[in-house]
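K.L.:
Shown below is the structure under consideration.
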Amino acid sequence: MVFRGLKNGADGVIVSTCHAGDCHYVAGNYKTFRKAPLISKFLEQMGVNPKRFRLTNVSASEGAELTEIVKEFVEELRELGPSPFKSKESKEE
């Protein structure tokens, strides 16, 4: 889903998991912890800045923290500029 989002023109993708040891899906967050470095490395090999992908750990009760994470990510994406996958048409809009 990360690659699909970027390929379809998203400037960046955040994946947010539960905190370690506190996941309804038991091991889902641990699997994601292991996959995140691979995703970043693959993006780098594709010529996409790996900063366009971010993994966070936020619980449902941490709305203020998530808001700050998203604000910081948006600012970083603004510095990086538009997605390299955006079509010419979407850049002109």
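Convention: chains lettered A, B, ... in structure tokens order; per-chain residue numbering from 1; ligands numbered from 1 as shown.
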Got a sec: who's within 12 Å of Ala10 (chain A), counting only C-alpha atoms, leaving out chain neighbours fewer than 3 positions off, as a PyMOL selection string?
P.N.:
chain A and resi 1-7+13-14+52-53+74+77+81-87+90-91
K.L.:
Please write the residues from the selection above to a file, keeping N, CA and C atoms, as an mmCIF file, in the first residue's frame.
P.N.:
```cif
data_model
loop_
_atom_site.group_PDB
_atom_site.id
_atom_site.type_symbol
_atom_site.label_atom_id
_atom_site.label_comp_id
_atom_site.auth_asym_id
_atom_site.auth_seq_id
_atom_site.Cartn_x
_atom_site.Cartn_y
_atom_site.Cartn_z
ATOM 1 N N MET A 1 0.820 -1.193 0.000
ATOM 2 C CA MET A 1 0.000 0.000 0.000
ATOM 3 C C MET A 1 0.863 1.255 0.000
ATOM 4 N N VAL A 2 2.025 1.195 0.652
ATOM 5 C CA VAL A 2 2.929 2.346 0.656
ATOM 6 C C VAL A 2 3.347 2.674 -0.767
ATOM 7 N N PHE A 3 3.792 1.659 -1.501
ATOM 8 C CA PHE A 3 4.264 1.875 -2.863
ATOM 9 C C PHE A 3 3.127 2.333 -3.778
ATOM 10 N N ARG A 4 1.944 1.768 -3.589
ATOM 11 C CA ARG A 4 0.795 2.156 -4.408
ATOM 12 C C ARG A 4 0.455 3.626 -4.173
ATOM 13 N N GLY A 5 0.459 4.056 -2.925
ATOM 14 C CA GLY A 5 0.169 5.448 -2.619
ATOM 15 C C GLY A 5 1.160 6.392 -3.280
ATOM 16 N N LEU A 6 2.440 6.062 -3.169
ATOM 17 C CA LEU A 6 3.467 6.908 -3.780
ATOM 18 C C LEU A 6 3.375 6.873 -5.305
ATOM 19 N N LYS A 7 3.162 5.681 -5.852
ATOM 20 C CA LYS A 7 3.057 5.543 -7.306
ATOM 21 C C LYS A 7 1.886 6.344 -7.854
ATOM 22 N N VAL A 13 3.779 8.971 2.651
ATOM 23 C CA VAL A 13 2.887 8.000 3.291
ATOM 24 C C VAL A 13 3.338 7.795 4.732
ATOM 25 N N ILE A 14 2.395 7.897 5.641
ATOM 26 C CA ILE A 14 2.642 7.585 7.053
ATOM 27 C C ILE A 14 1.953 6.262 7.356
ATOM 28 N N ARG A 52 9.991 10.195 2.269
ATOM 29 C CA ARG A 52 8.587 10.258 1.866
ATOM 30 C C ARG A 52 7.755 9.176 2.558
ATOM 31 N N PHE A 53 8.414 8.319 3.318
ATOM 32 C CA PHE A 53 7.744 7.260 4.084
ATOM 33 C C PHE A 53 8.106 7.436 5.552
ATOM 34 N N VAL A 74 4.209 16.874 7.059
ATOM 35 C CA VAL A 74 3.765 17.764 5.978
ATOM 36 C C VAL A 74 4.831 18.823 5.694
ATOM 37 N N LEU A 77 7.635 17.204 3.826
ATOM 38 C CA LEU A 77 7.240 16.933 2.445
ATOM 39 C C LEU A 77 7.228 18.214 1.608
ATOM 40 N N GLY A 81 9.250 18.784 -1.880
ATOM 41 C CA GLY A 81 8.536 19.105 -3.114
ATOM 42 C C GLY A 81 7.558 18.009 -3.487
ATOM 43 N N PRO A 82 6.875 18.202 -4.616
ATOM 44 C CA PRO A 82 5.860 17.232 -5.037
ATOM 45 C C PRO A 82 6.459 15.858 -5.340
ATOM 46 N N SER A 83 5.609 14.889 -5.294
ATOM 47 C CA SER A 83 6.007 13.516 -5.603
ATOM 48 C C SER A 83 6.598 13.425 -7.002
ATOM 49 N N PRO A 84 7.659 12.648 -7.163
ATOM 50 C CA PRO A 84 8.214 12.461 -8.502
ATOM 51 C C PRO A 84 7.285 11.650 -9.406
ATOM 52 N N PHE A 85 6.248 11.058 -8.841
ATOM 53 C CA PHE A 85 5.323 10.242 -9.623
ATOM 54 C C PHE A 85 4.084 10.997 -10.068
ATOM 55 N N LYS A 86 3.937 12.229 -9.635
ATOM 56 C CA LYS A 86 2.755 12.987 -10.055
ATOM 57 C C LYS A 86 2.850 13.258 -11.548
ATOM 58 N N SER A 87 1.721 13.119 -12.200
ATOM 59 C CA SER A 87 1.690 13.379 -13.638
ATOM 60 C C SER A 87 1.797 14.872 -13.890
ATOM 61 N N SER A 90 -1.421 16.725 -12.991
ATOM 62 C CA SER A 90 -1.712 17.016 -11.578
ATOM 63 C C SER A 90 -0.785 18.094 -11.036
ATOM 64 N N LYS A 91 0.419 18.253 -11.600
ATOM 65 C CA LYS A 91 1.321 19.309 -11.167
ATOM 66 C C LYS A 91 0.812 20.677 -11.596
#
```
K.L.:
Show which residues sit within 8 Å of region 15-24 of chain A, as a list in words. Count only C-alpha atoms, and ignore same-chain residues fewer than 2 positions away.
P.N.:
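So, after excluding close chain neighbours, the residues are Val13, Val26, Ala27, Gly28, Asn29, Tyr30, Thr32, Phe53, Arg54, Leu55, Thr56, Asn57, Val58 and Ser59 of chain A.
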K.L.:
Could you save those same residues with C-alpha atoms as an mmCIF file, in the first residue's frame?
P.N.:
```
data_model
loop_
_atom_site.group_PDB
_atom_site.id
_atom_site.type_symbol
_atom_site.label_atom_id
_atom_site.label_comp_id
_atom_site.auth_asym_id
_atom_site.auth_seq_id
_atom_site.Cartn_x
_atom_site.Cartn_y
_atom_site.Cartn_z
ATOM 1 C CA VAL A 13 2.887 8.000 3.291
ATOM 2 C CA VAL A 26 -0.844 -9.127 18.684
ATOM 3 C CA ALA A 27 2.095 -9.178 16.245
ATOM 4 C CA GLY A 28 0.953 -6.839 13.471
ATOM 5 C CA ASN A 29 3.050 -3.953 14.714
ATOM 6 C CA TYR A 30 6.153 -6.141 15.072
ATOM 7 C CA THR A 32 5.547 -3.624 10.413
ATOM 8 C CA PHE A 53 7.744 7.260 4.084
ATOM 9 C CA ARG A 54 7.386 7.457 7.833
ATOM 10 C CA LEU A 55 6.564 4.841 10.464
ATOM 11 C CA THR A 56 5.023 6.076 13.697
ATOM 12 C CA ASN A 57 3.754 4.443 16.860
ATOM 13 C CA VAL A 58 0.644 6.173 18.168
ATOM 14 C CA SER A 59 -2.246 4.813 20.170
#
```
K.L.:
Can you check which residues of chain A DSSP gives as strand (DSSP E) on the backbone and send them as a PyMOL selection string?
P.N.:
chain A and resi 13-17+53-57
K.L.:
Next, write the just-selected residues to a file, as a PDB file, in the first residue's frame, keeping N, CA and C atoms as the atom set.
P.N.:
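Result file selection.pdb:
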```pdb
ATOM      1  N   VAL A  13       3.779   8.971   2.651  1.00  0.00           N
ATOM      2  CA  VAL A  13       2.887   8.000   3.291  1.00  0.00           C
ATOM      3  C   VAL A  13       3.338   7.795   4.732  1.00  0.00           C
ATOM      4  N   ILE A  14       2.395   7.897   5.641  1.00  0.00           N
ATOM      5  CA  ILE A  14       2.642   7.585   7.053  1.00  0.00           C
ATOM      6  C   ILE A  14       1.953   6.262   7.356  1.00  0.00           C
ATOM      7  N   VAL A  15       2.682   5.377   7.994  1.00  0.00           N
ATOM      8  CA  VAL A  15       2.103   4.140   8.518  1.00  0.00           C
ATOM      9  C   VAL A  15       2.204   4.251  10.028  1.00  0.00           C
ATOM     10  N   SER A  16       1.086   4.150  10.699  1.00  0.00           N
ATOM     11  CA  SER A  16       1.069   4.282  12.149  1.00  0.00           C
ATOM     12  C   SER A  16       0.643   2.961  12.773  1.00  0.00           C
ATOM     13  N   THR A  17       1.438   2.499  13.709  1.00  0.00           N
ATOM     14  CA  THR A  17       1.140   1.234  14.387  1.00  0.00           C
ATOM     15  C   THR A  17       0.890   1.488  15.870  1.00  0.00           C
ATOM     16  N   PHE A  53       8.414   8.319   3.318  1.00  0.00           N
ATOM     17  CA  PHE A  53       7.744   7.260   4.084  1.00  0.00           C
ATOM     18  C   PHE A  53       8.106   7.436   5.552  1.00  0.00           C
ATOM     19  N   ARG A  54       7.117   7.342   6.397  1.00  0.00           N
ATOM     20  CA  ARG A  54       7.386   7.457   7.833  1.00  0.00           C
ATOM     21  C   ARG A  54       6.564   6.424   8.592  1.00  0.00           C
ATOM     22  N   LEU A  55       7.223   5.780   9.551  1.00  0.00           N
ATOM     23  CA  LEU A  55       6.564   4.841  10.464  1.00  0.00           C
ATOM     24  C   LEU A  55       6.438   5.523  11.809  1.00  0.00           C
ATOM     25  N   THR A  56       5.245   5.501  12.373  1.00  0.00           N
ATOM     26  CA  THR A  56       5.023   6.076  13.697  1.00  0.00           C
ATOM     27  C   THR A  56       4.344   5.042  14.589  1.00  0.00           C
ATOM     28  N   ASN A  57       4.425   5.283  15.870  1.00  0.00           N
ATOM     29  CA  ASN A  57       3.754   4.443  16.860  1.00  0.00           C
ATOM     30  C   ASN A  57       2.879   5.361  17.709  1.00  0.00           C
TER      31      ASN A  57
END
```
K.L.:
With DSSP run on the backbone, what are the alpha helix (DSSP H) residues within chain A? I'd like them as a CSV table (one decimal) with C-alpha atoms, in the first residue's frame.
P.N.:
```csv
chain,number,residue,atom,x,y,z
A,2,VAL,CA,2.9,2.3,0.7
A,3,PHE,CA,4.3,1.9,-2.9
A,4,ARG,CA,0.8,2.2,-4.4
A,5,GLY,CA,0.2,5.4,-2.6
A,6,LEU,CA,3.5,6.9,-3.8
A,7,LYS,CA,3.1,5.5,-7.3
A,28,GLY,CA,1.0,-6.8,13.5
A,29,ASN,CA,3.0,-4.0,14.7
A,30,TYR,CA,6.2,-6.1,15.1
A,31,LYS,CA,5.8,-7.3,11.5
A,32,THR,CA,5.5,-3.6,10.4
A,33,PHE,CA,8.6,-2.7,12.5
A,34,ARG,CA,10.6,-5.3,10.5
A,35,LYS,CA,9.2,-4.2,7.1
A,36,ALA,CA,9.8,-0.5,7.5
A,37,PRO,CA,13.5,-0.5,6.9
A,38,LEU,CA,13.0,-2.7,3.9
A,39,ILE,CA,10.5,-0.2,2.5
A,40,SER,CA,12.9,2.7,3.0
A,41,LYS,CA,15.7,0.8,1.3
A,42,PHE,CA,13.5,-0.2,-1.6
A,43,LEU,CA,12.4,3.4,-2.1
A,44,GLU,CA,16.0,4.6,-2.1
A,45,GLN,CA,16.9,2.0,-4.7
A,63,GLY,CA,-4.6,12.4,19.1
A,64,ALA,CA,-2.4,15.4,19.9
A,65,GLU,CA,0.8,13.4,19.3
A,66,LEU,CA,-0.5,12.2,15.9
A,67,THR,CA,-1.4,15.8,15.0
A,68,GLU,CA,2.1,16.9,15.7
A,69,ILE,CA,3.6,14.0,13.8
A,70,VAL,CA,1.4,14.8,10.7
A,71,LYS,CA,2.3,18.5,10.9
A,72,GLU,CA,6.0,17.7,11.0
A,73,PHE,CA,5.7,15.3,8.1
A,74,VAL,CA,3.8,17.8,6.0
A,75,GLU,CA,6.5,20.4,6.5
A,76,GLU,CA,9.2,17.9,5.6
A,77,LEU,CA,7.2,16.9,2.4
A,78,ARG,CA,6.9,20.6,1.5
A,79,GLU,CA,10.7,20.9,1.6
A,80,LEU,CA,11.0,17.8,-0.6
A,88,LYS,CA,2.2,16.6,-15.5
A,89,GLU,CA,-1.5,17.3,-15.4
A,90,SER,CA,-1.7,17.0,-11.6
A,91,LYS,CA,1.3,19.3,-11.2
A,92,GLU,CA,-0.4,22.0,-13.2
```
